[in-house]
$ cat query-v4.txt   # compact mmCIF, C-alpha atoms and all ligand atoms
# COMPACT_ATOMS: atom_id res chain seq x y z
CA MET A 1 10.82 -5.54 -11.14
CA ASN A 2 12.84 -7.67 -13.56
CA VAL A 3 10.96 -9.80 -16.10
CA TYR A 4 12.60 -13.15 -16.88
CA CYS A 5 11.85 -14.81 -20.22
CA ILE A 6 13.50 -17.54 -22.23
CA LEU A 7 14.54 -18.07 -25.81
CA GLU A 8 14.59 -21.70 -26.87
CA VAL A 9 17.95 -22.46 -28.48
CA LYS A 10 17.52 -24.22 -31.83
CA ASP A 11 19.85 -27.15 -32.62
CA GLY A 12 22.07 -26.25 -29.64
CA ASP A 13 23.26 -23.16 -31.52
CA ALA A 14 23.00 -20.12 -29.23
CA VAL A 15 24.71 -17.77 -31.72
CA ALA A 16 22.21 -18.58 -34.50
CA THR A 17 19.31 -18.31 -32.01
CA LEU A 18 20.47 -14.87 -30.88
CA ARG A 19 20.83 -13.72 -34.49
CA TYR A 20 17.30 -14.88 -35.29
CA PHE A 21 15.95 -13.17 -32.16
CA MET A 22 17.74 -9.87 -32.93
CA SER A 23 16.54 -9.97 -36.52
CA SER A 24 12.90 -10.51 -35.42
CA TRP A 25 13.25 -7.75 -32.84
CA TRP A 26 14.69 -5.34 -35.43
CA LYS A 27 11.63 -6.01 -37.58
CA ILE A 28 8.99 -5.38 -34.92
CA PHE A 29 10.75 -2.57 -33.04
CA GLY A 30 12.11 -0.80 -36.11
CA PHE A 31 15.74 -0.32 -35.12
CA ASP A 32 17.70 2.09 -37.33
CA MET A 33 21.06 0.88 -36.10
CA LEU A 34 22.66 -1.83 -33.99
CA LEU A 35 26.11 -1.69 -32.44
CA ALA A 36 27.42 -5.20 -31.87
CA PRO A 37 30.48 -7.46 -32.03
CA VAL A 38 30.62 -9.00 -35.51
CA GLU A 39 32.74 -11.86 -36.85
CA THR A 40 35.34 -10.73 -39.36
CA HIS A 41 37.79 -12.48 -41.66
CA ASP A 42 40.49 -10.03 -40.66
CA ALA A 43 42.43 -10.13 -37.39
CA PRO A 44 41.59 -10.18 -34.56
CA GLY A 45 38.45 -12.02 -35.77
CA VAL A 46 35.78 -9.88 -34.09
CA ALA A 47 35.08 -6.17 -34.57
CA VAL A 48 32.54 -3.88 -32.92
CA THR A 49 30.44 -2.81 -35.90
CA VAL A 50 27.70 -0.32 -36.64
CA ILE A 51 24.96 -2.27 -38.44
CA GLU A 52 22.45 -0.21 -40.40
CA ASN A 53 20.84 -3.02 -42.33
CA ARG A 54 18.92 -5.93 -40.76
CA ALA A 55 20.83 -8.43 -42.90
CA GLY A 56 24.02 -7.42 -41.08
CA ILE A 57 22.71 -9.19 -37.95
CA GLN A 58 23.63 -12.52 -39.53
CA ALA A 59 27.30 -11.88 -38.69
CA ILE A 60 26.97 -10.82 -35.03
CA ASN A 61 28.66 -12.98 -32.43
CA PRO A 62 28.58 -11.29 -29.02
CA PHE A 63 29.45 -14.61 -27.33
CA ALA A 64 32.92 -14.80 -28.93
CA PRO A 65 35.32 -14.36 -25.99
CA LEU A 66 37.16 -11.35 -27.35
CA MET A 67 36.74 -7.67 -26.52
CA PRO A 68 38.46 -5.76 -29.32
CA ILE A 69 37.56 -2.30 -27.93
CA ASN A 70 35.46 -0.74 -25.21
CA SER A 71 32.58 0.42 -27.40
CA ALA A 72 31.15 2.91 -24.87
CA ALA A 73 32.76 5.98 -26.45
CA LEU A 74 31.56 4.95 -29.92
CA LEU A 75 28.00 4.49 -28.65
CA SER A 76 28.11 7.86 -26.90
CA ARG A 77 29.13 9.50 -30.17
CA LEU A 78 26.44 7.70 -32.19
CA VAL A 79 23.70 8.69 -29.76
CA ALA A 80 24.85 12.33 -29.86
CA GLU A 81 25.00 12.34 -33.67
CA LYS A 82 21.67 10.55 -34.26
CA PRO A 83 19.39 11.61 -31.40
CA SER A 84 16.18 10.57 -33.17
CA TRP A 85 17.41 7.14 -34.32
CA LYS A 86 16.35 3.93 -32.67
CA ILE A 87 19.75 2.57 -31.67
CA GLY A 88 20.39 -0.81 -30.08
CA ALA A 89 23.75 -1.71 -28.55
CA ILE A 90 24.93 -5.14 -27.41
CA MET A 91 27.58 -4.61 -24.76
CA ARG A 92 29.55 -6.36 -22.07
CA PRO A 93 29.01 -5.26 -18.44
CA CYS A 94 32.22 -3.20 -18.31
CA GLU A 95 31.27 -1.38 -21.53
CA LEU A 96 27.83 -0.55 -20.14
CA CYS A 97 29.42 0.69 -16.94
CA THR A 98 31.74 2.95 -18.97
CA PHE A 99 28.79 4.19 -21.04
CA PHE A 100 26.90 5.29 -17.91
CA GLU A 101 30.00 7.01 -16.55
CA LEU A 102 30.43 8.84 -19.87
CA GLN A 103 26.75 9.76 -19.87
CA LYS A 104 27.07 11.38 -16.45
CA ARG A 105 29.85 13.58 -17.84
CA GLN A 106 27.63 14.60 -20.77
CA GLY A 107 25.13 15.95 -18.24
CA TRP A 108 22.26 13.75 -19.43
CA GLN A 109 19.55 13.13 -16.90
CA ASP A 110 18.51 9.93 -18.60
CA TYR A 111 19.43 8.28 -21.86
CA PRO A 112 16.97 8.71 -24.75
CA GLU A 113 13.93 6.40 -24.92
CA ASN A 114 14.93 5.24 -28.39
CA LEU A 115 18.27 3.90 -27.16
CA VAL A 116 18.10 0.22 -26.20
CA LEU A 117 20.97 -1.08 -24.09
CA ILE A 118 21.37 -4.83 -24.41
CA GLY A 119 23.79 -6.19 -21.85
CA MET A 120 25.36 -9.63 -21.88
CA ASP A 121 26.52 -11.84 -19.06
CA CYS A 122 30.25 -12.14 -19.52
CA PRO A 123 32.39 -15.05 -18.31
CA GLY A 124 35.52 -13.23 -19.56
CA THR A 125 37.56 -12.60 -22.68
CA TYR A 126 40.99 -13.69 -23.92
CA PRO A 127 43.91 -11.42 -24.70
CA VAL A 128 44.03 -10.88 -28.50
CA PRO A 129 47.08 -13.18 -29.09
CA GLU A 130 45.42 -16.00 -27.13
CA TYR A 131 42.17 -15.62 -29.08
CA GLN A 132 43.97 -15.62 -32.40
CA GLN A 133 45.96 -18.67 -31.49
CA ARG A 134 42.75 -20.51 -30.61
CA LEU A 135 41.18 -19.33 -33.83
CA GLN A 136 43.78 -21.32 -35.77
CA SER A 137 42.24 -24.60 -34.66
CA ARG A 138 38.61 -23.60 -34.06
CA THR A 139 36.00 -21.25 -35.54
CA SER A 140 34.70 -18.24 -33.62
CA GLN A 141 31.41 -20.12 -33.26
CA VAL A 142 33.19 -22.96 -31.47
CA LEU A 143 35.04 -20.47 -29.26
CA ALA A 144 31.70 -18.83 -28.47
CA ARG A 145 30.21 -22.21 -27.55
CA GLU A 146 33.14 -22.99 -25.22
CA SER A 147 32.76 -19.59 -23.57
CA LEU A 148 29.05 -20.23 -23.07
CA GLN A 149 29.86 -23.57 -21.44
CA ASP A 150 32.15 -21.70 -19.03
CA ALA A 151 29.37 -19.24 -18.29
CA ALA A 152 26.92 -22.10 -17.64
CA ALA A 153 29.34 -23.61 -15.12
CA GLY A 154 29.80 -20.25 -13.34
CA GLY A 155 33.31 -19.58 -14.70
CA LEU A 156 34.94 -22.32 -12.64
CA ARG A 157 37.30 -23.60 -15.37
CA VAL A 158 40.82 -22.15 -15.15
CA GLN A 159 41.32 -20.10 -18.29
CA PRO A 160 44.05 -17.78 -19.61
CA LEU A 161 41.68 -14.79 -19.60
CA ARG A 162 42.72 -11.14 -19.55
CA THR A 163 43.79 -10.06 -16.08
CA ALA A 164 40.93 -7.52 -16.03
CA CYS A 165 38.48 -10.39 -16.55
CA LEU A 166 40.04 -12.60 -13.88
CA VAL A 167 39.34 -9.86 -11.34
CA CYS A 168 36.12 -8.50 -12.89
CA GLU A 169 33.71 -7.07 -10.36
CA HIS A 170 30.51 -7.32 -12.38
CA PRO A 171 30.28 -10.27 -14.79
CA ALA A 172 26.56 -9.47 -15.19
CA PRO A 173 25.23 -6.14 -16.48
CA ARG A 174 23.49 -3.64 -14.23
CA ALA A 175 20.83 -1.27 -15.54
CA ALA A 176 20.64 -2.68 -19.08
CA ASP A 177 17.21 -2.53 -20.74
CA LEU A 178 17.57 -6.19 -21.62
CA THR A 179 20.18 -8.65 -20.38
CA ILE A 180 21.12 -11.80 -22.26
CA GLY A 181 21.64 -14.16 -19.35
CA THR A 182 24.10 -17.01 -19.83
CA ILE A 183 25.75 -17.46 -16.42
CA GLY A 184 24.33 -20.61 -14.83
CA VAL A 185 22.13 -21.16 -17.89
CA SER A 186 22.11 -24.32 -20.05
CA THR A 187 22.73 -22.35 -23.22
CA ASP A 188 22.57 -25.40 -25.48
CA GLN A 189 18.85 -25.36 -24.60
CA VAL A 190 17.81 -21.82 -23.63
CA LEU A 191 19.00 -18.23 -23.32
CA LEU A 192 17.61 -16.23 -20.42
CA LEU A 193 16.32 -12.77 -21.30
CA VAL A 194 16.00 -10.37 -18.38
CA SER A 195 14.09 -7.12 -18.94
CA ARG A 196 14.83 -4.34 -16.48
CA ASP A 197 11.16 -3.78 -15.69
CA GLU A 198 7.65 -4.52 -16.94
CA VAL A 199 7.26 -1.13 -18.63
CA ARG A 200 10.39 -1.57 -20.74
CA HIS A 201 9.49 -5.18 -21.44
CA ALA A 202 6.16 -4.11 -22.91
CA ARG A 203 7.55 -1.06 -24.73
CA LEU A 204 10.25 -3.14 -26.42
CA GLY A 205 7.68 -5.69 -27.63
CA LEU A 206 9.56 -8.59 -26.09
CA ASP A 207 6.54 -10.77 -25.34
CA GLN A 208 5.99 -11.15 -29.09
CA ILE A 209 9.40 -12.66 -29.80
CA THR A 210 10.35 -14.65 -26.72
CA ASP A 211 9.33 -18.21 -25.84
CA GLY A 212 7.52 -17.54 -22.59
CA LYS A 213 8.48 -16.83 -19.00
CA ALA A 214 11.48 -18.42 -17.31
CA THR A 215 10.90 -20.74 -14.36
CA GLU A 216 11.74 -19.53 -10.88
CA TYR A 217 14.61 -22.01 -10.78
CA GLN A 218 16.13 -20.69 -14.05
CA ALA A 219 16.02 -17.12 -12.74
CA SER A 220 17.31 -17.84 -9.25
CA HIS A 221 20.01 -20.26 -10.41
CA ARG A 222 21.48 -17.56 -12.64
CA GLU A 223 21.37 -14.98 -9.84
CA THR A 224 23.12 -17.42 -7.49
CA LEU A 225 25.90 -18.20 -9.96
CA VAL A 226 26.37 -14.52 -10.86
CA GLY A 227 26.90 -13.82 -7.14
CA ALA A 228 29.28 -16.78 -6.81
CA MET A 229 31.28 -15.65 -9.84
CA SER A 230 31.57 -12.08 -8.49
CA ASP A 231 32.77 -13.43 -5.12
CA MET A 232 35.26 -15.76 -6.77
CA ARG A 233 36.71 -12.90 -8.80
CA ALA A 234 36.88 -10.62 -5.78
CA GLY A 235 38.92 -13.37 -4.08
CA MET A 236 41.15 -13.61 -7.15
CA ARG A 237 41.61 -9.82 -7.10
CA ARG A 238 42.73 -9.90 -3.45
CA THR A 239 45.09 -12.83 -4.07
CA LEU A 240 46.71 -11.35 -7.17
CA ILE A 241 47.17 -7.95 -5.52
CA GLU A 242 48.59 -9.52 -2.36
CA ASN A 243 50.98 -11.62 -4.42
CA MET A 244 52.25 -8.77 -6.53
CA PRO A 245 55.92 -8.05 -5.98
CA GLY A 246 56.36 -5.47 -3.19
CA ALA A 247 57.41 -2.82 -5.71
CA TYR A 248 53.94 -2.95 -7.29
CA ARG A 249 51.85 -2.75 -4.16
CA PHE A 250 51.76 1.02 -3.94
CA ASN A 251 51.26 1.30 -0.23
CA ASP A 252 52.92 4.68 -0.38
CA LEU A 253 53.68 7.38 -2.88
CA GLY A 254 57.34 6.32 -3.04
CA SER A 255 56.52 2.86 -4.44
CA PHE A 256 54.16 4.45 -6.98
CA PHE A 257 56.89 6.78 -8.25
CA ALA A 258 59.36 3.87 -8.30
CA TRP A 259 56.95 1.95 -10.54
CA LEU A 260 56.42 5.01 -12.72
CA ALA A 261 60.15 5.08 -13.40
CA SER A 262 59.79 1.85 -15.39
CA CYS A 263 56.96 3.26 -17.55
CA ASN A 264 58.16 4.39 -20.97
CA LEU A 265 55.43 7.09 -21.18
CA CYS A 266 54.18 5.79 -24.54
CA GLY A 267 50.65 6.91 -23.56
CA LYS A 268 48.87 3.87 -25.09
CA CYS A 269 47.05 3.23 -21.82
CA LEU A 270 45.52 6.70 -21.74
CA ALA A 271 44.63 6.63 -25.44
CA ALA A 272 42.74 3.34 -24.95
CA CYS A 273 40.63 4.59 -22.04
CA PRO A 274 37.23 6.01 -23.05
CA LEU A 275 36.97 7.96 -19.80
CA TYR A 276 40.38 9.58 -19.66
CA GLU A 277 39.84 11.81 -22.68
CA LEU A 278 36.64 13.34 -21.31
CA GLU A 279 37.43 13.51 -17.61
CA VAL A 280 41.10 14.39 -17.46
CA LYS A 281 42.43 15.50 -20.83
CA GLY A 282 39.35 17.50 -21.85
CA ALA A 283 38.86 19.06 -18.43
CA THR A 284 42.46 20.11 -17.92
CA SER A 285 42.79 21.59 -21.42
CA ARG A 286 39.46 23.48 -21.08
CA ARG A 287 40.35 24.88 -17.68
CA ARG A 288 41.29 28.57 -17.51
CA LYS A 289 43.70 29.46 -14.78
CA GLN A 290 42.16 31.98 -12.36
CA PRO A 291 44.19 34.02 -9.91
CA GLY A 292 44.57 31.97 -6.74
CA GLU A 293 43.22 28.81 -8.35
CA ARG A 294 44.60 25.62 -6.90
CA ALA A 295 45.52 24.03 -10.23
CA LEU A 296 47.09 20.93 -8.77
CA LEU A 297 44.08 20.22 -6.56
CA SER A 298 41.73 20.61 -9.50
CA GLU A 299 43.78 18.19 -11.56
CA LEU A 300 43.92 15.72 -8.69
CA VAL A 301 40.12 15.85 -8.48
CA HIS A 302 39.83 14.98 -12.17
CA LEU A 303 42.36 12.17 -11.80
CA SER A 304 40.53 10.76 -8.78
CA ARG A 305 37.16 11.02 -10.49
CA TRP A 306 38.51 9.25 -13.56
CA LEU A 307 39.79 6.40 -11.42
CA ALA A 308 36.61 6.31 -9.31
CA SER A 309 34.63 5.83 -12.55
CA CYS A 310 36.96 3.11 -13.87
CA SER A 311 34.88 0.22 -15.19
CA GLY A 312 37.73 -2.28 -14.94
CA CYS A 313 37.49 -3.02 -18.67
CA GLY A 314 41.27 -3.41 -18.85
CA MET A 315 41.63 -1.80 -22.27
CA CYS A 316 44.31 0.51 -20.88
CA ALA A 317 46.51 -2.48 -20.05
CA GLU A 318 46.14 -4.30 -23.36
CA ASP A 319 49.12 -2.73 -25.11
CA CYS A 320 51.26 -2.03 -22.08
CA PHE A 321 54.46 -4.04 -21.82
CA GLN A 322 53.74 -4.23 -18.07
CA GLN A 323 50.25 -5.59 -18.75
CA GLU A 324 49.56 -7.57 -15.63
CA PRO A 325 50.81 -5.21 -12.94
CA PHE A 326 49.23 -2.28 -14.77
CA SER A 327 45.78 -3.89 -14.83
CA LEU A 328 46.03 -4.74 -11.14
CA LEU A 329 47.40 -1.31 -10.33
CA ILE A 330 44.42 0.43 -11.91
CA THR A 331 41.91 -1.86 -10.25
CA SER A 332 43.56 -1.56 -6.86
CA ILE A 333 43.76 2.25 -6.93
CA SER A 334 40.23 2.52 -8.30
CA HIS A 335 38.80 0.30 -5.55
CA ARG A 336 40.55 2.30 -2.85
CA ILE A 337 39.21 5.61 -4.18
CA ARG A 338 35.63 4.43 -4.58
CA GLN A 339 35.64 2.84 -1.17
CA GLU A 340 36.62 6.19 0.31
CA MET A 341 33.91 7.95 -1.69
CA SER A 342 31.23 5.22 -1.40
CA TYR A 343 30.96 5.36 -5.17
CA SER A 344 29.91 2.52 -7.45
CA PRO A 345 30.68 3.14 -11.14
CA GLY A 346 28.04 2.00 -13.60
CA ASP A 347 25.14 2.86 -11.30
CA PRO A 348 23.14 5.45 -13.26
CA GLU A 349 21.47 6.65 -10.06
CA GLN A 350 24.71 7.78 -8.41
CA THR A 351 26.11 11.22 -9.19
CA LEU A 352 29.81 11.64 -9.87
CA PRO A 353 32.08 12.40 -6.93
CA TRP A 354 32.78 16.15 -6.67
CA ALA A 355 29.92 16.68 -9.13
CA HIS A 356 30.16 20.47 -8.69
CA SER A 357 33.78 20.73 -9.89
S1 LIG B 1 36.19 -7.00 -17.59
FE1 LIG B 1 34.37 -8.18 -16.98
S2 LIG B 1 32.72 -7.51 -18.29
FE2 LIG B 1 34.63 -6.78 -19.21
S3 LIG B 1 35.16 -8.36 -20.69
FE3 LIG B 1 36.18 -8.90 -18.77
S4 LIG B 1 34.77 -10.27 -17.67
FE4 LIG B 1 33.65 -9.25 -19.31
S1 LIG B 2 50.97 1.82 -21.74
FE1 LIG B 2 52.33 1.17 -20.06
S2 LIG B 2 54.37 1.91 -20.63
FE2 LIG B 2 52.88 3.06 -21.90
S3 LIG B 2 52.44 4.94 -20.70
FE3 LIG B 2 50.92 3.41 -20.12
S4 LIG B 2 51.78 2.42 -18.25
FE4 LIG B 2 53.47 3.49 -19.31
S1 LIG B 3 41.29 3.14 -16.64
FE1 LIG B 3 41.54 1.27 -17.87
S2 LIG B 3 40.19 -0.23 -16.90
FE2 LIG B 3 39.54 1.82 -16.20
S3 LIG B 3 37.95 2.46 -17.66
FE3 LIG B 3 39.90 3.28 -18.41
S4 LIG B 3 40.59 1.69 -19.87
FE4 LIG B 3 39.03 0.73 -18.60
$ encode --input "query-v4.txt" --output "structure tokens"
Amino acid sequence: MNVYCILEVKDGDAVATLRYFMSSWWKIFGFDMLLAPVETHDAPGVAVTVIENRAGIQAINPFAPLMPINSAALLSRLVAEKPSWKIGAIMRPCELCTFFELQKRQGWQDYPENLVLIGMDCPGTYPVPEYQQRLQSRTSQVLARESLQDAAAGGLRVQPLRTACLVCEHPAPRAADLTIGTIGVSTDQVLLLVSRDEVRHARLGLDQITDGKATEYQASHRETLVGAMSDMRAGMRRTLIENMPGAYRFNDLGSFFAWLASCNLCGKCLAACPLYELEVKGATSRRRKQPGERALLSELVHLSRWLASCSGCGMCAEDCFQQEPFSLLITSISHRIRQEMSYSPGDPEQTLPWAHS
């Protein structure tokens, strides 16, 4: 059962409060490394950074509404390279989802006990140019505060977010060890900390560094607004897909190939996807052709499994000149495949479709 605690926000500054909390936690839990979004002076203003020194926590800003990369592949690599290290990772829901889908492909039964997954509620992120433009008149701390206000209000304000975020299925993390709850939360006063269960809560020493249990209202209000935000975004997804020009609706193979004709095959989308490399590229290059083997079917299985596992992070669309239709295309194909297969990416309990292949 989830354990809901609060952190009292000092001087209305949620970023500083989170930094103080993470620093205290590092001290008592003995982290060796933390992966987190950090403010930088260089563009785009936030970078996912490997922190190996507690002092480095003073630059983290996971609330800044920018997602420079999907950090799941980096975390997977770090965990494989440093199996005995106590690693913490602060991630958005789509990054966590990708991490679990990667983990299933690594054949792990469960992630190591010394890995601590810290998920964040996410009201959405801006495209890089939009974020940088805003950064000219505000600091990243101010942008973080505005994003937190949006989260508190359940994401109702119309914002020029990335298309992937406008149609995001899971604005709240699933299966994180600890979730930093901000949706429906008055973050100028408190942050909600949600531990996945009592055992983890005790093992991670969270009682020592939190400010007591949340009220029933605080917990249930967040759950209600998370549900409302998911529903609102599902509605947005349906509307945007319905309103796409006919050529992008892909009701048949012909319209898909017609769309493909406008793609310049630059490959940036595939290079940006943490799942593609492992599921499709790796699998097809490793495969040995056997007499009678149905090569095309095998490749279609890998393609379908890749799309079934899609976390909706939208990184593949970021550098595509057809950004909007591409993001919607991926999400629409992915939803159709998982519906057929009753598969929900990001659920660590579910095995991959066609797990034997
Ligand atoms: S896709 Fe969802 S989880 Fe990922 S950044 Fe956008 S809103 Fe956040
Ligand atoms: S990034 Fe866009 S243009 Fe480039 S290969 Fe992908 S879909 Fe085609
Ligand atoms: S296909 Fe695109 S949206 Fe899906 S996981 Fe890969 S990068 Fe993210």
$ residues_around --input "query-v4.txt" --residues "Ser309 (chain A)" --least-positions-apart "6" --cutoff "10 Å" --atoms "all atoms listed in the file" --output "PyMOL selection string"
chain A and resi 97-98+100-102+275-276+279+334-335+337-338+343-346+352-353
$ closest_atom_pairs --input "query-v4.txt" --of "region 207-238 of chain A" --to "region 10-21 of chain A" --cutoff "12 Å" --atoms "all atoms listed in the file" --output "tab-separated table"
residue	atom	partner	partner_atom	distance
A:Asp207	CA	A:Phe21	CA	11.9
A:Gln208	CA	A:Phe21	CA	10.6
A:Ile209	CA	A:Phe21	CA	7.0
A:Thr210	CA	A:Phe21	CA	7.9
A:Asp211	CA	A:Phe21	CA	10.4
$ closest_residue --input "query-v4.txt" --among "A:Ala258, A:Leu135, A:Leu297, A:Ala153" --to "His221 (chain A)" --atoms "all atoms listed in the file"
A:Ala153
$ residues_near_ligand --input "query-v4.txt" --ligand "ligand LIG 3 (chain B)" --cutoff "8 Å" --atoms "all atoms listed in the file" --output "PyMOL selection string"
chain A and resi 70+94+98+164+269-270+272-276+306-307+309-317+327+330-331+334
$ atom_distance --input "query-v4.txt" --atom1 "CA of Met1 (chain A)" --atom2 "CA of Ser195 (chain A)"
8.6 Å
$ residues_near_ligand --input "query-v4.txt" --ligand "ligand LIG 1 (chain B)" --cutoff "9 Å" --atoms "all atoms listed in the file" --output "ChimeraX atom specification"
/A:65-67,70,91-97,120-126,161-173,311-315
$ residues_near_ligand --input "query-v4.txt" --ligand "ligand LIG 2 (chain B)" --cutoff "6 Å" --atoms "only C-alpha atoms and all ligand atoms" --output "PDB file with C-alpha atoms, in the frame of the given file"
ATOM      1  CA  CYS A 263      56.960   3.260 -17.550  1.00  0.00           C
ATOM      2  CA  ASN A 264      58.160   4.390 -20.970  1.00  0.00           C
ATOM      3  CA  LEU A 265      55.430   7.090 -21.180  1.00  0.00           C
ATOM      4  CA  CYS A 266      54.180   5.790 -24.540  1.00  0.00           C
ATOM      5  CA  GLY A 267      50.650   6.910 -23.560  1.00  0.00           C
ATOM      6  CA  LYS A 268      48.870   3.870 -25.090  1.00  0.00           C
ATOM      7  CA  CYS A 269      47.050   3.230 -21.820  1.00  0.00           C
ATOM      8  CA  ASP A 319      49.120  -2.730 -25.110  1.00  0.00           C
ATOM      9  CA  CYS A 320      51.260  -2.030 -22.080  1.00  0.00           C
ATOM     10  CA  PHE A 321      54.460  -4.040 -21.820  1.00  0.00           C
ATOM     11  CA  GLN A 322      53.740  -4.230 -18.070  1.00  0.00           C
TER      12      GLN A 322
END
$ atom_distance --input "query-v4.txt" --atom1 "CA of Ile87 (chain A)" --atom2 "CA of Leu35 (chain A)"
7.7 Å
$ residues_around --input "query-v4.txt" --residues "region 84-86 of chain A" --least-positions-apart "4" --cutoff "6 Å" --atoms "all atoms listed in the file" --output "list in words"
Phe31, Asp32, Asn114 and Leu115 of chain A
$ residues_around --input "query-v4.txt" --residues "Val190 (chain A)" --least-positions-apart "2" --cutoff "7 Å" --atoms "all atoms listed in the file" --output "list in words"
Ile6, Leu7, Glu8, Val9, Ser186, Thr187, Asp188 and Leu192 of chain A
$ write_last_selection --input "query-v4.txt" --atoms "C-alpha atoms" --output "tab-separated table (two decimals), in the frame of the given file"
chain	number	residue	atom	x	y	z
A	6	ILE	CA	13.50	-17.54	-22.23
A	7	LEU	CA	14.54	-18.07	-25.81
A	8	GLU	CA	14.59	-21.70	-26.87
A	9	VAL	CA	17.95	-22.46	-28.48
A	186	SER	CA	22.11	-24.32	-20.05
A	187	THR	CA	22.73	-22.35	-23.22
A	188	ASP	CA	22.57	-25.40	-25.48
A	192	LEU	CA	17.61	-16.23	-20.42
$ atom_distance --input "query-v4.txt" --atom1 "CA of Phe99 (chain A)" --atom2 "CA of Leu178 (chain A)"
15.3 Å
$ closest_residue --input "query-v4.txt" --among "A:Pro44, A:Pro245, A:Gly119, A:Gly88" --to "Ala64 (chain A)" --atoms "only C-alpha atoms"
A:Pro44
$ axis_aligned_box --input "query-v4.txt" --around "region 307-323 of chain A" --padding-each-side "4 Å" --output "JSON"
{"center_x": 44.5, "center_y": 0.4, "center_z": -17.2, "size_x": 27.8, "size_y": 20.0, "size_z": 23.8}
$ residues_around --input "query-v4.txt" --residues "Ala175 (chain A)" --least-positions-apart "5" --cutoff "8 Å" --atoms "all atoms listed in the file" --output "list in words"
Arg196, Asp347 and Pro348 of chain A
$ closest_residue --input "query-v4.txt" --among "A:Ala308, A:Gln189, A:Met244, A:Asp150" --to "Met229 (chain A)" --atoms "only C-alpha atoms"
A:Asp150
$ closest_residue --input "query-v4.txt" --among "A:Gly227, A:Pro160, A:Pro325, A:Gly56" --to "Trp26 (chain A)" --atoms "all atoms listed in the file"
A:Gly56
$ closest_residue --input "query-v4.txt" --among "A:Leu156, A:Cys5, A:Val185, A:Leu300" --to "Arg233 (chain A)" --atoms "only C-alpha atoms"
A:Leu156
